[in-house]
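Q: If it helps, the file is called entry33.tsv and holds TSV, C-alpha atoms and all ligand atoms:
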```
chain	number	residue	atom	x	y	z
A	1	MET	CA	0.00	0.00	0.00
A	2	HIS	CA	1.15	3.54	-0.67
A	3	ASP	CA	-0.66	5.45	2.02
A	4	ASP	CA	2.63	6.26	3.75
A	5	ALA	CA	3.20	9.61	2.05
A	6	GLN	CA	5.25	12.02	4.16
A	7	HIS	CA	4.10	15.14	2.35
A	8	ILE	CA	0.80	16.81	3.21
A	9	PRO	CA	-0.63	18.56	0.12
A	10	VAL	CA	-0.95	22.31	0.71
A	11	LEU	CA	-4.13	24.32	0.06
A	12	LEU	CA	-5.72	21.17	-1.37
A	13	ALA	CA	-9.41	22.07	-0.90
A	14	GLU	CA	-8.91	25.62	-2.23
A	15	THR	CA	-6.96	24.38	-5.25
A	16	MET	CA	-9.59	21.78	-6.13
A	17	ARG	CA	-12.43	24.28	-5.71
A	18	LEU	CA	-10.82	26.75	-8.09
A	19	LEU	CA	-9.68	24.18	-10.65
A	20	ASP	CA	-13.31	22.99	-10.69
A	21	LEU	CA	-12.56	19.82	-12.67
A	22	SER	CA	-15.10	17.67	-14.49
A	23	PRO	CA	-14.99	13.98	-15.41
A	24	GLY	CA	-13.12	13.41	-18.67
A	25	GLU	CA	-10.81	16.41	-18.41
A	26	ILE	CA	-7.06	16.28	-18.99
A	27	VAL	CA	-4.93	17.72	-16.21
A	28	VAL	CA	-1.20	18.42	-15.99
A	29	ASP	CA	0.35	18.15	-12.54
A	30	CYS	CA	3.72	19.89	-13.06
A	31	THR	CA	5.10	18.84	-9.68
A	32	VAL	CA	3.82	15.43	-8.67
A	33	GLY	CA	5.93	15.01	-5.51
A	34	GLN	CA	4.23	12.51	-3.23
A	35	GLY	CA	1.07	12.65	-5.31
A	36	GLY	CA	-1.28	14.28	-2.79
A	37	HIS	CA	-2.64	16.75	-5.33
A	38	SER	CA	-2.44	14.22	-8.19
A	39	LEU	CA	-4.64	11.84	-6.23
A	40	ALA	CA	-7.39	14.46	-5.84
A	41	LEU	CA	-7.01	15.55	-9.48
A	42	ALA	CA	-7.35	11.94	-10.69
A	43	GLU	CA	-10.44	11.42	-8.52
A	44	ALA	CA	-12.06	14.54	-9.98
A	45	VAL	CA	-11.56	13.60	-13.65
A	46	LYS	CA	-12.31	9.87	-13.48
A	47	PRO	CA	-13.48	7.62	-15.04
A	48	ASP	CA	-12.17	8.74	-18.42
A	49	GLY	CA	-10.05	11.80	-17.63
A	50	ARG	CA	-6.26	11.71	-17.38
A	51	VAL	CA	-3.59	13.18	-15.13
A	52	ILE	CA	-0.22	13.74	-16.80
A	53	GLY	CA	2.29	14.10	-13.98
A	54	PHE	CA	5.75	15.67	-14.21
A	55	ASP	CA	8.61	15.51	-11.72
A	56	VAL	CA	12.36	15.74	-12.09
A	57	ASP	CA	12.81	13.34	-9.18
A	58	PRO	CA	12.24	9.76	-10.40
A	59	ALA	CA	11.80	8.44	-6.85
A	60	GLN	CA	8.87	10.82	-6.23
A	61	LEU	CA	7.27	9.82	-9.52
A	62	GLU	CA	7.61	6.10	-8.88
A	63	PHE	CA	6.06	6.41	-5.43
A	64	SER	CA	3.18	8.58	-6.64
A	65	CYS	CA	2.47	6.61	-9.76
A	66	GLN	CA	1.65	3.52	-7.70
A	67	ARG	CA	-0.23	5.58	-5.13
A	68	VAL	CA	-2.45	7.38	-7.65
A	69	ARG	CA	-3.02	4.40	-9.93
A	70	GLN	CA	-4.01	2.15	-7.04
A	71	ALA	CA	-6.60	4.67	-5.91
A	72	SER	CA	-7.93	6.32	-9.03
A	73	GLY	CA	-6.76	4.92	-12.30
A	74	ARG	CA	-5.36	6.97	-15.16
A	75	PHE	CA	-2.09	8.62	-14.27
A	76	GLU	CA	0.75	9.07	-16.73
A	77	PRO	CA	4.11	9.93	-15.17
A	78	ILE	CA	6.72	11.85	-17.15
A	79	HIS	CA	10.20	12.20	-15.73
A	80	ALA	CA	11.03	15.69	-16.95
A	81	ASN	CA	11.25	19.30	-15.92
A	82	PHE	CA	7.85	21.00	-16.11
A	83	VAL	CA	9.27	23.47	-18.63
A	84	GLU	CA	8.93	20.52	-21.04
A	85	ALA	CA	5.20	20.10	-20.34
A	86	PRO	CA	3.83	22.01	-23.38
A	87	ARG	CA	6.18	20.24	-25.79
A	88	ARG	CA	5.51	16.81	-24.29
A	89	LEU	CA	1.76	17.35	-24.41
A	90	GLU	CA	1.90	18.43	-28.04
A	91	ALA	CA	3.99	15.34	-28.83
A	92	LEU	CA	1.22	13.22	-27.28
A	93	GLY	CA	-1.38	15.09	-29.34
A	94	LEU	CA	-3.06	16.36	-26.17
A	95	ARG	CA	-4.30	19.71	-24.92
A	96	THR	CA	-4.92	20.34	-21.26
A	97	ASP	CA	-7.95	21.59	-19.34
A	98	ALA	CA	-6.05	22.34	-16.13
A	99	VAL	CA	-2.48	22.86	-14.94
A	100	LEU	CA	-1.17	22.78	-11.38
A	101	ALA	CA	2.33	23.70	-10.23
A	102	ASP	CA	2.97	23.25	-6.49
A	103	LEU	CA	6.50	24.60	-6.36
A	104	GLY	CA	9.58	23.65	-4.39
A	105	TYR	CA	10.41	20.43	-2.53
A	106	SER	CA	8.37	17.63	-1.00
A	107	SER	CA	8.71	16.87	2.71
A	108	GLN	CA	10.04	13.43	1.80
A	109	GLN	CA	12.95	15.02	-0.08
A	110	MET	CA	13.66	17.45	2.76
A	111	ASP	CA	13.58	14.69	5.38
A	112	ASP	CA	15.78	12.24	3.47
A	113	PRO	CA	19.28	12.75	4.90
A	114	ARG	CA	20.89	11.43	1.70
A	115	ARG	CA	19.54	14.35	-0.34
A	116	GLY	CA	21.41	17.11	1.49
A	117	PHE	CA	18.52	19.62	1.68
A	118	SER	CA	18.61	19.99	5.45
A	119	PHE	CA	21.15	20.68	8.19
A	120	SER	CA	19.26	18.52	10.68
A	121	ALA	CA	21.45	15.55	9.67
A	122	ASP	CA	24.99	15.55	8.30
A	123	SER	CA	25.02	14.49	4.66
A	124	PRO	CA	26.65	15.26	1.31
A	125	LEU	CA	25.80	18.78	0.16
A	126	ASP	CA	23.66	17.83	-2.83
A	127	MET	CA	20.18	19.52	-2.92
A	128	ARG	CA	19.29	18.41	-6.47
A	129	TYR	CA	15.66	17.43	-7.05
A	130	ASP	CA	16.88	15.54	-10.10
A	131	PRO	CA	19.70	13.21	-9.01
A	132	HIS	CA	21.16	13.57	-12.55
A	133	GLY	CA	21.04	17.37	-12.48
A	134	PRO	CA	24.22	19.16	-13.59
A	135	VAL	CA	25.33	20.83	-10.32
A	136	THR	CA	25.14	20.14	-6.60
A	137	ALA	CA	25.27	22.72	-3.83
A	138	ALA	CA	28.84	21.61	-3.12
A	139	ASP	CA	29.74	22.33	-6.78
A	140	LEU	CA	28.23	25.83	-6.57
A	141	ILE	CA	30.00	26.64	-3.33
A	142	ALA	CA	33.30	25.46	-4.83
A	143	SER	CA	32.96	27.31	-8.13
A	144	LEU	CA	31.13	30.64	-7.60
A	145	THR	CA	33.13	33.76	-6.78
A	146	GLU	CA	32.68	35.30	-3.35
A	147	ARG	CA	30.54	38.01	-4.95
A	148	GLU	CA	28.33	35.47	-6.72
A	149	LEU	CA	27.93	33.50	-3.48
A	150	ALA	CA	26.81	36.70	-1.74
A	151	ASP	CA	24.34	37.42	-4.55
A	152	VAL	CA	22.79	33.95	-4.31
A	153	ILE	CA	22.41	34.17	-0.51
A	154	ALA	CA	21.07	37.75	-0.65
A	155	ARG	CA	18.68	37.26	-3.56
A	156	TYR	CA	17.21	33.84	-2.91
A	157	GLY	CA	17.77	33.65	0.86
A	158	GLU	CA	17.18	37.35	1.61
A	159	ASP	CA	19.75	36.98	4.39
A	160	PRO	CA	21.00	40.35	5.67
A	161	LEU	CA	24.38	38.77	6.45
A	162	ALA	CA	24.86	37.44	2.91
A	163	ARG	CA	28.21	39.16	2.33
A	164	LYS	CA	29.61	38.01	5.64
A	165	ILE	CA	28.52	34.42	4.99
A	166	ALA	CA	30.00	34.52	1.47
A	167	ARG	CA	33.33	35.81	2.83
A	168	LYS	CA	33.43	33.03	5.42
A	169	LEU	CA	32.61	30.44	2.73
A	170	ALA	CA	35.42	31.77	0.52
A	171	GLN	CA	37.91	31.69	3.41
A	172	THR	CA	36.90	28.22	4.54
A	173	ARG	CA	37.04	26.63	1.08
A	174	GLN	CA	40.68	27.76	0.75
A	175	ARG	CA	41.51	25.47	3.68
A	176	GLU	CA	39.15	22.56	2.85
A	177	PRO	CA	36.37	21.81	0.37
A	178	ILE	CA	32.85	22.39	1.75
A	179	ARG	CA	31.07	19.16	0.95
A	180	SER	CA	28.66	18.42	3.77
A	181	THR	CA	25.52	19.98	5.21
A	182	ALA	CA	27.15	20.13	8.66
A	183	GLN	CA	30.11	22.11	7.26
A	184	LEU	CA	27.83	24.62	5.53
A	185	ALA	CA	25.69	25.04	8.66
A	186	GLN	CA	28.85	25.52	10.74
A	187	VAL	CA	30.26	28.20	8.42
A	188	VAL	CA	26.97	30.15	8.52
A	189	GLN	CA	26.82	29.80	12.28
A	190	GLU	CA	30.37	31.23	12.52
A	191	ALA	CA	29.46	34.13	10.22
A	192	TYR	CA	26.50	34.93	12.48
A	193	GLY	CA	28.65	34.76	15.64
A	194	SER	CA	26.75	35.98	18.71
A	195	ARG	CA	23.79	37.06	16.51
A	196	ALA	CA	22.97	33.35	16.09
A	197	ARG	CA	21.59	33.31	19.64
A	198	ARG	CA	19.17	36.13	18.86
A	199	SER	CA	17.93	34.54	15.63
A	200	ARG	CA	14.44	32.95	15.84
A	201	MET	CA	15.31	30.29	13.30
A	202	HIS	CA	18.56	28.40	12.74
A	203	PRO	CA	20.92	30.91	11.12
A	204	ALA	CA	21.60	28.54	8.21
A	205	THR	CA	17.91	28.28	7.19
A	206	ARG	CA	18.03	31.10	4.63
A	207	THR	CA	21.38	30.03	3.18
A	208	PHE	CA	20.13	26.47	2.66
A	209	MET	CA	16.99	27.79	0.93
A	210	ALA	CA	19.12	30.03	-1.28
A	211	PHE	CA	21.38	27.21	-2.49
A	212	ARG	CA	18.40	24.89	-3.04
A	213	ILE	CA	16.78	27.50	-5.32
A	214	ALA	CA	20.07	28.13	-7.16
A	215	VAL	CA	20.97	24.43	-7.61
A	216	ASN	CA	17.58	23.66	-9.16
A	217	ASP	CA	17.34	26.94	-11.08
A	218	GLU	CA	13.84	27.26	-9.67
A	219	LEU	CA	13.01	30.81	-10.72
A	220	ALA	CA	14.14	30.23	-14.30
A	221	ALA	CA	11.96	27.11	-14.52
A	222	LEU	CA	8.92	28.98	-13.20
A	223	GLY	CA	9.62	31.92	-15.53
A	224	SER	CA	9.75	29.59	-18.52
A	225	LEU	CA	6.52	27.82	-17.53
A	226	LEU	CA	4.71	31.15	-17.13
A	227	GLU	CA	6.06	32.35	-20.47
A	228	GLN	CA	4.59	29.22	-22.08
A	229	VAL	CA	1.26	29.81	-20.35
A	230	LEU	CA	1.22	33.33	-21.82
A	231	GLU	CA	2.06	31.95	-25.24
A	232	GLY	CA	-0.44	29.07	-24.99
A	233	ALA	CA	-3.25	31.36	-23.84
A	234	GLY	CA	-2.69	33.52	-26.90
A	235	LYS	CA	-2.97	30.50	-29.20
A	236	VAL	CA	-6.03	28.63	-27.96
A	237	ASN	CA	-7.74	29.14	-31.30
A	238	GLU	CA	-4.85	27.65	-33.27
A	239	GLY	CA	-4.01	24.62	-31.15
A	240	GLY	CA	-1.24	24.80	-28.61
A	241	TRP	CA	-1.17	23.06	-25.25
A	242	LEU	CA	-3.98	24.91	-23.42
A	243	ASN	CA	-7.66	24.39	-24.16
A	244	ARG	CA	-10.00	27.37	-24.07
A	245	GLY	CA	-11.26	27.52	-20.49
A	246	ALA	CA	-8.13	25.85	-19.06
A	247	ARG	CA	-7.44	26.72	-15.42
A	248	VAL	CA	-3.84	27.32	-14.39
A	249	ALA	CA	-3.00	27.20	-10.67
A	250	VAL	CA	0.37	27.94	-9.06
A	251	ILE	CA	1.23	27.44	-5.39
A	252	SER	CA	4.41	29.31	-4.48
A	253	PHE	CA	6.41	29.57	-1.27
A	254	HIS	CA	8.80	32.44	-1.95
A	255	SER	CA	8.09	36.12	-2.54
A	256	LEU	CA	10.17	36.12	-5.75
A	257	GLU	CA	8.11	33.23	-7.13
A	258	ASP	CA	4.82	34.86	-6.20
A	259	ARG	CA	5.91	38.09	-7.87
A	260	LEU	CA	6.56	36.24	-11.15
A	261	VAL	CA	3.15	34.53	-10.99
A	262	LYS	CA	1.34	37.74	-10.09
A	263	ARG	CA	2.92	39.63	-12.99
A	264	ALA	CA	2.30	36.89	-15.55
A	265	PHE	CA	-1.35	36.50	-14.53
A	266	ALA	CA	-1.87	40.27	-14.56
A	267	GLU	CA	-0.41	40.40	-18.08
A	268	LEU	CA	-2.71	37.59	-19.22
A	269	ALA	CA	-5.70	39.50	-17.88
A	270	GLN	CA	-4.51	42.76	-19.43
A	271	ARG	CA	-4.16	41.11	-22.85
A	272	GLY	CA	-7.70	39.80	-22.43
A	273	HIS	CA	-6.44	36.20	-22.69
A	274	ALA	CA	-7.45	35.06	-19.20
A	275	THR	CA	-9.56	35.89	-16.18
A	276	ARG	CA	-7.99	35.94	-12.74
A	277	LEU	CA	-9.95	33.64	-10.42
A	278	THR	CA	-7.95	34.95	-7.46
A	279	LYS	CA	-7.56	38.72	-7.29
A	280	ARG	CA	-5.40	38.26	-4.20
A	281	PRO	CA	-3.41	35.13	-3.44
A	282	ILE	CA	-5.12	32.51	-1.32
A	283	THR	CA	-3.23	31.58	1.82
A	284	ALA	CA	-3.60	28.80	4.38
A	285	THR	CA	-6.04	29.05	7.28
A	286	ALA	CA	-4.77	29.03	10.86
A	287	SER	CA	-5.90	25.42	11.25
A	288	GLU	CA	-4.02	24.30	8.11
A	289	ILE	CA	-0.88	26.07	9.36
A	290	ALA	CA	-1.24	24.37	12.76
A	291	ALA	CA	-1.57	20.96	11.09
A	292	ASN	CA	1.12	21.62	8.46
A	293	PRO	CA	3.57	24.45	9.28
A	294	ARG	CA	4.94	24.29	5.73
A	295	SER	CA	1.69	25.84	4.46
A	296	ARG	CA	2.48	29.10	6.32
A	297	SER	CA	4.20	30.71	3.33
A	298	ALA	CA	2.05	29.14	0.58
A	299	LYS	CA	0.30	31.43	-1.92
A	300	LEU	CA	-2.17	30.14	-4.49
A	301	ARG	CA	-3.08	32.07	-7.64
A	302	VAL	CA	-5.35	30.76	-10.39
A	303	VAL	CA	-6.34	32.04	-13.85
A	304	LYS	CA	-8.85	30.79	-16.39
A	305	VAL	CA	-7.71	30.97	-20.01
A	306	ASP	CA	-10.18	32.71	-22.29
A	307	GLY	CA	-7.85	33.11	-25.25
A	308	PRO	CA	-8.05	35.85	-27.86
A	309	VAL	CA	-11.58	36.57	-29.03
A	310	THR	CA	-12.14	35.57	-32.65
A	311	GLN	CA	-15.17	35.94	-34.84
A	312	ASP	CA	-15.88	32.22	-34.47
A	313	ALA	CA	-15.66	32.32	-30.71
A	314	ALA	CA	-17.48	35.62	-30.32
A	315	PRO	CA	-21.20	35.62	-29.49
A	316	THR	CA	-23.32	36.47	-32.49
A	317	VAL	CA	-24.63	40.00	-32.44
A	318	PRO	CA	-27.77	40.37	-34.60
A	319	ASP	CA	-27.77	43.11	-37.24
A	320	PRO	CA	-29.64	46.19	-36.18
A	321	PRO	CA	-32.90	46.16	-38.18
A	322	THR	CA	-32.58	49.59	-39.77
A	323	GLN	CA	-28.83	49.73	-40.49
A	324	ARG	CA	-26.69	47.84	-42.99
A	325	ARG	CA	-23.38	46.45	-41.73
A	326	SER	CA	-20.37	46.62	-44.00
A	327	MET	CA	-19.42	43.23	-45.46
A	328	ASP	CA	-16.36	42.54	-43.41
A	329	ALA	CA	-16.95	44.42	-40.18
A	330	SER	CA	-16.90	42.28	-37.02
A	331	PRO	CA	-19.09	43.10	-34.00
A	332	TYR	CA	-15.83	43.97	-32.22
A	333	ASP	CA	-14.49	46.42	-34.86
A	334	THR	CA	-15.31	49.64	-33.08
A	401	LIG	C1	5.93	20.69	-3.29
A	401	LIG	S1	6.38	19.18	-4.05
A	401	LIG	C2	4.86	18.68	-4.74
A	401	LIG	C3	3.98	18.00	-3.73
A	401	LIG	C4	2.73	17.44	-4.32
A	401	LIG	N1	1.83	18.46	-4.80
A	401	LIG	C5	2.04	16.54	-3.32
A	401	LIG	O1	0.89	16.83	-2.94
A	401	LIG	O2	2.61	15.55	-2.89
A	401	LIG	C6	7.28	19.70	-5.45
A	401	LIG	C7	7.81	18.58	-6.33
A	401	LIG	O3	8.17	19.20	-7.56
A	401	LIG	C8	9.37	18.67	-8.04
A	401	LIG	N2	9.96	19.74	-8.86
A	401	LIG	C9	10.51	20.90	-8.45
A	401	LIG	N3	10.87	21.66	-9.50
A	401	LIG	C10	10.51	20.97	-10.62
A	401	LIG	C11	10.59	21.24	-12.03
A	401	LIG	N4	11.12	22.38	-12.50
A	401	LIG	N5	10.10	20.32	-12.88
A	401	LIG	C12	9.54	19.16	-12.42
A	401	LIG	N6	9.45	18.85	-11.11
A	401	LIG	C13	9.92	19.74	-10.22
A	401	LIG	C14	10.17	18.29	-6.82
A	401	LIG	O4	11.05	17.23	-7.14
A	401	LIG	C15	9.05	17.87	-5.85
A	401	LIG	O5	8.86	16.49	-5.91
```
Could you write out this file's structure as C-alpha cells?
Ligand SMILES: C[S@@+](CC[C@H](N)C(=O)[O-])C[C@H]1O[C@@H](n2cnc3c(N)ncnc32)[C@H](O)[C@@H]1O
A:
Amino acid sequence: MHDDAQHIPVLLAETMRLLDLSPGEIVVDCTVGQGGHSLALAEAVKPDGRVIGFDVDPAQLEFSCQRVRQASGRFEPIHANFVEAPRRLEALGLRTDAVLADLGYSSQQMDDPRRGFSFSADSPLDMRYDPHGPVTAADLIASLTERELADVIARYGEDPLARKIARKLAQTRQREPIRSTAQLAQVVQEAYGSRARRSRMHPATRTFMAFRIAVNDELAALGSLLEQVLEGAGKVNEGGWLNRGARVAVISFHSLEDRLVKRAFAELAQRGHATRLTKRPITATASEIAANPRSRSAKLRVVKVDGPVTQDAAPTVPDPPTQRRSMDASPYDT
C-alpha cells in the first residue's frame, strides 16, 4: 500500500475548488511530488479523464504513480522538468484543461538525509531534485566567486548577512572543500557569531533555501513555464497546449516566485487572454498552518484561459434592423 506519504498537500481544498474539474478532463500536474494533489485531481476527472504528472525526481514519480493508480486509475508519469510540459503534451497530441504547479520540494525530499537539503542531519551537500542534475550545492560553493555567493544568498535567501557568509565560505574553502551539510551550517553559524543566539530560526535556514533555489534553477523554470502559459493562452484558437477555459494554478512559497506569478497572470488579464480567479493570493487558514507548518508561506493564484476573441468564438450579435453592416466588419471592430 502507498498510504505512507510524508508530504501533506498544501491548500488542497482551495486548489480543487478553483480548478473545478469535471470527469473526462485532462490535467497536468507539473510537480507530482508525493502525489497528494495528483490523487485528488485523478479522482475529480475519473473515469475517463487523465492526469499527466511531471517531476524531475524519479523516486517521487515512482512512489506517486503507484499511489495514484491504485486509488484512481489513469495517471501518466513523465520524468522531466515542467518546462517541457507544453512540448511533451503536443507530442502526445493532447491539450490540457487544467495545470497545477505546487512549487519547491516535498517533505520526503527534505527529510531524506541522503539528499542534502537539510542541516538537521549531516550528509553530502547535494540539494538536487533531479539526481542527474548538472550541479550540486557543493559544486556551486566550490565554483562561484565570493561576490556570486553573496548574490545567491542575498537574492534567494534574503539573508541580511549574505556578504559576511560569502566571505566566510570563501575563506573556509581555501583550507578545505565544503562538501557536507554540517560544514555549511557551521560556516553560517560562525558568520553569524553571537547574533545566532538572537535569531528565531537556525541561522543557516536562509542560506540552505538560497542554495536549493540556485541548484535547481527554480526561478528560471517557473519563468519559462509562465512564459509558455502566456504563449499558450494567446494560441487557444490555433491549437497549442492549453484548451479554451483551461485553469492554471500555481502554489508558491517564496516572494520572488509569487511576484513572477502575479505579474504573468496580470499580463494575461490585461491582454484579455485570461480571467484571474484569485484577485489576491489565497493563503492557508490558521488550522491548516497548525496541522502543516509548511503551508504558512504558501500562496495560491489561479487564472482561467479565455484566449483571444475571434469571430468564431465571439457571441453572435444580430444586425440592427434599420442599419446595414459593411461586409467585413466584425461586431468587435469599433
Ligand atoms: C511541493 S512538491 C509537490 C507536492 C505534491 N503536490 C504533493 O501533494 O505531494 C514539489 C515537487 O516538484 C518537483 N519539482 C521541483 N521543480 C521541478 C521542475 N522544474 N520540474 C519538475 N518537477 C519539479 C520536486 O522534485 C518535488 O517532488
Q: Closest to Arg87 in chain A among A:Tyr156, A:Trp241, A:Phe54, A:Phe117, using only C-alpha atoms?
A: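 Nearest candidate to Arg87 in chain A out of A:Tyr156, A:Trp241, A:Phe54, A:Phe117: A:Trp241.
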Q: Could you make a table, as a Markdown table, of the residues of chain A that have an atom within 9 Å of an atom of ligand LIG 401 (chain A), each with its nearest atom pair and distance in Å to one decimal, counting only C-alpha atoms and all ligand atoms, in chain and number order?
A:
```
| residue | atom | partner | partner_atom | distance |
| --- | --- | --- | --- | --- |
| A:Ala5 | CA | A:LIG401 | O2 | 7.7 |
| A:Gln6 | CA | A:LIG401 | O2 | 8.3 |
| A:His7 | CA | A:LIG401 | O2 | 5.5 |
| A:Ile8 | CA | A:LIG401 | O1 | 6.2 |
| A:Pro9 | CA | A:LIG401 | O1 | 3.8 |
| A:Val10 | CA | A:LIG401 | O1 | 6.8 |
| A:Leu12 | CA | A:LIG401 | O1 | 8.1 |
| A:Asp29 | CA | A:LIG401 | N1 | 7.9 |
| A:Cys30 | CA | A:LIG401 | C12 | 5.9 |
| A:Thr31 | CA | A:LIG401 | O3 | 3.7 |
| A:Val32 | CA | A:LIG401 | C4 | 4.9 |
| A:Gly33 | CA | A:LIG401 | O5 | 3.3 |
| A:Gln34 | CA | A:LIG401 | O2 | 3.5 |
| A:Gly35 | CA | A:LIG401 | O2 | 4.1 |
| A:Gly36 | CA | A:LIG401 | O1 | 3.4 |
| A:His37 | CA | A:LIG401 | O1 | 4.3 |
| A:Ser38 | CA | A:LIG401 | O1 | 6.7 |
| A:Leu39 | CA | A:LIG401 | O1 | 8.1 |
| A:Gly53 | CA | A:LIG401 | C12 | 9.0 |
| A:Phe54 | CA | A:LIG401 | C12 | 5.5 |
| A:Asp55 | CA | A:LIG401 | N6 | 3.5 |
| A:Val56 | CA | A:LIG401 | N6 | 4.4 |
| A:Asp57 | CA | A:LIG401 | O4 | 4.7 |
| A:Pro58 | CA | A:LIG401 | O4 | 8.2 |
| A:Ala59 | CA | A:LIG401 | O5 | 8.6 |
| A:Gln60 | CA | A:LIG401 | O5 | 5.7 |
| A:Leu61 | CA | A:LIG401 | O5 | 7.7 |
| A:Ser64 | CA | A:LIG401 | O2 | 7.9 |
| A:His79 | CA | A:LIG401 | C12 | 7.7 |
| A:Ala80 | CA | A:LIG401 | C12 | 5.9 |
| A:Asn81 | CA | A:LIG401 | N5 | 3.4 |
| A:Phe82 | CA | A:LIG401 | N5 | 4.0 |
| A:Val83 | CA | A:LIG401 | N4 | 6.5 |
| A:Glu84 | CA | A:LIG401 | N5 | 8.2 |
| A:Ala85 | CA | A:LIG401 | N5 | 8.9 |
| A:Leu100 | CA | A:LIG401 | N1 | 8.4 |
| A:Ala101 | CA | A:LIG401 | N1 | 7.6 |
| A:Asp102 | CA | A:LIG401 | C1 | 5.1 |
| A:Leu103 | CA | A:LIG401 | C1 | 5.0 |
| A:Gly104 | CA | A:LIG401 | C6 | 4.7 |
| A:Tyr105 | CA | A:LIG401 | C6 | 4.3 |
| A:Ser106 | CA | A:LIG401 | S1 | 4.0 |
| A:Ser107 | CA | A:LIG401 | S1 | 7.5 |
| A:Gln108 | CA | A:LIG401 | O5 | 8.4 |
| A:Gln109 | CA | A:LIG401 | O5 | 7.3 |
| A:Arg128 | CA | A:LIG401 | O4 | 8.4 |
| A:Tyr129 | CA | A:LIG401 | O4 | 4.6 |
| A:Asp130 | CA | A:LIG401 | O4 | 6.8 |
| A:Asn216 | CA | A:LIG401 | N3 | 7.0 |
| A:Asp217 | CA | A:LIG401 | N4 | 7.8 |
| A:Glu218 | CA | A:LIG401 | N4 | 6.3 |
| A:Leu219 | CA | A:LIG401 | N4 | 8.8 |
| A:Ala220 | CA | A:LIG401 | N4 | 8.6 |
| A:Ala221 | CA | A:LIG401 | N4 | 5.2 |
| A:Leu222 | CA | A:LIG401 | N4 | 7.0 |
| A:Leu225 | CA | A:LIG401 | N4 | 8.7 |
| A:Ile251 | CA | A:LIG401 | C1 | 8.5 |
| A:Ser252 | CA | A:LIG401 | C1 | 8.8 |
```
Q: Which residue out of A:Val305, A:Ala185, A:Phe208, A:Arg114 has the minimum interatomic distance to Glu231 in chain A when only C-alpha atoms are used?
A: A:Val305
Q: Work out how far apart CA of Ser199 in chain A and CA of Gly116 in chain A are and give it in Å to one decimal.
A: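 Taking CA of Ser199 in chain A and CA of Gly116 in chain A, their separation equals 22.7 Å.
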Q: Just how far from CA of Leu184 in chain A is CA of Pro124 in chain A, in Å to one decimal?
A: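 Between CA of Pro124 in chain A and CA of Leu184 in chain A the gap is 10.3 Å.
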Q: Give me, please, the distance in Å between CA of Glu267 in chain A and CA of Asp20 in chain A, quoted to one decimal.
A: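 Rounded to one decimal, the two atoms are 22.9 Å apart.
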Q: At a cut-off of 12 Å, using all atoms listed in the file, what residues contact Asp48 in chain A? Leave out same-chain residues fewer than 5 positions from it and give the result as a PyMOL selection string.
A: chain A and resi 22-27+42-43+72-75
Q: Do you know which residues are at most 10 Å from Pro86 in chain A counting all atoms listed in the file, after dropping those on the same chain fewer than 3 positions away, and could you put them as a tab-separated table (two decimals) with C-alpha atoms, keeping the file's coordinate frame?
A:
```tsv
chain	number	residue	atom	x	y	z
A	28	VAL	CA	-1.20	18.42	-15.99
A	82	PHE	CA	7.85	21.00	-16.11
A	83	VAL	CA	9.27	23.47	-18.63
A	89	LEU	CA	1.76	17.35	-24.41
A	90	GLU	CA	1.90	18.43	-28.04
A	91	ALA	CA	3.99	15.34	-28.83
A	92	LEU	CA	1.22	13.22	-27.28
A	94	LEU	CA	-3.06	16.36	-26.17
A	95	ARG	CA	-4.30	19.71	-24.92
A	96	THR	CA	-4.92	20.34	-21.26
A	225	LEU	CA	6.52	27.82	-17.53
A	228	GLN	CA	4.59	29.22	-22.08
A	229	VAL	CA	1.26	29.81	-20.35
A	232	GLY	CA	-0.44	29.07	-24.99
A	240	GLY	CA	-1.24	24.80	-28.61
A	241	TRP	CA	-1.17	23.06	-25.25
A	242	LEU	CA	-3.98	24.91	-23.42
```
Q: Go through A:Met209, A:Leu226, A:Leu140, A:Ile78 and flag the residue nearest His254 in chain A, using only C-alpha atoms for the distances.
A: A:Met209
Q: Counting only C-alpha atoms, which residue out of A:Gln270, A:Thr285, A:Thr278, A:Thr136 sits closest to Ile213 in chain A?
A: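 Answer, going by the shortest atom-to-atom distance: A:Thr136.
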Q: Which of these residues is nearest to Ser123 in chain A, using all atoms listed in the file: A:Leu41, A:Ala182, A:Val309, A:Val68?
A: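 Once distances to Ser123 in chain A are computed over all atoms listed in the file, the minimum belongs to A:Ala182.
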Q: A:Arg17, A:Arg67, A:Arg163, A:Arg175: which is nearest Ala191 in chain A, counting all atoms listed in the file?
A: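 Using all atoms listed in the file, Ala191 in chain A sits closest to A:Arg163.
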Q: Compile the contact shell of Val187 in chain A as a list in words: residues with an atom at most 12 Å away, counting only C-alpha atoms, same-chain residues fewer than 6 positions apart removed.
A: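 Contacts, with the query itself left out: Phe119, Ile141, Lys164, Ile165, Ala166, Arg167, Lys168, Leu169, Ala170, Gln171, Thr172, Arg173, Glu176, Pro177, Ile178, Arg179, Ser180, Thr181, Gly193, Ala196, Pro203, Ala204, Thr207 and Phe208 of chain A.
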Q: Pull range 176-182 of chain A out of the block and emit N, CA and C atoms, as an mmCIF file, in the first residue's frame.
A:
```
data_model
loop_
_atom_site.group_PDB
_atom_site.id
_atom_site.type_symbol
_atom_site.label_atom_id
_atom_site.label_comp_id
_atom_site.auth_asym_id
_atom_site.auth_seq_id
_atom_site.Cartn_x
_atom_site.Cartn_y
_atom_site.Cartn_z
ATOM 1 N N GLU A 176 39.723 23.901 3.094
ATOM 2 C CA GLU A 176 39.154 22.565 2.850
ATOM 3 C C GLU A 176 37.894 22.703 2.015
ATOM 4 N N PRO A 177 37.615 21.723 1.146
ATOM 5 C CA PRO A 177 36.369 21.814 0.369
ATOM 6 C C PRO A 177 35.152 21.692 1.286
ATOM 7 N N ILE A 178 34.078 22.445 0.935
ATOM 8 C CA ILE A 178 32.847 22.387 1.746
ATOM 9 C C ILE A 178 31.920 21.393 1.053
ATOM 10 N N ARG A 179 31.807 20.232 1.648
ATOM 11 C CA ARG A 179 31.071 19.163 0.946
ATOM 12 C C ARG A 179 29.920 18.577 1.747
ATOM 13 N N SER A 180 29.744 19.034 2.985
ATOM 14 C CA SER A 180 28.663 18.419 3.773
ATOM 15 C C SER A 180 27.725 19.486 4.338
ATOM 16 N N THR A 181 26.512 19.055 4.664
ATOM 17 C CA THR A 181 25.516 19.981 5.212
ATOM 18 C C THR A 181 25.993 20.536 6.562
ATOM 19 N N ALA A 182 26.669 19.678 7.343
ATOM 20 C CA ALA A 182 27.147 20.134 8.661
ATOM 21 C C ALA A 182 28.197 21.231 8.496
#
```
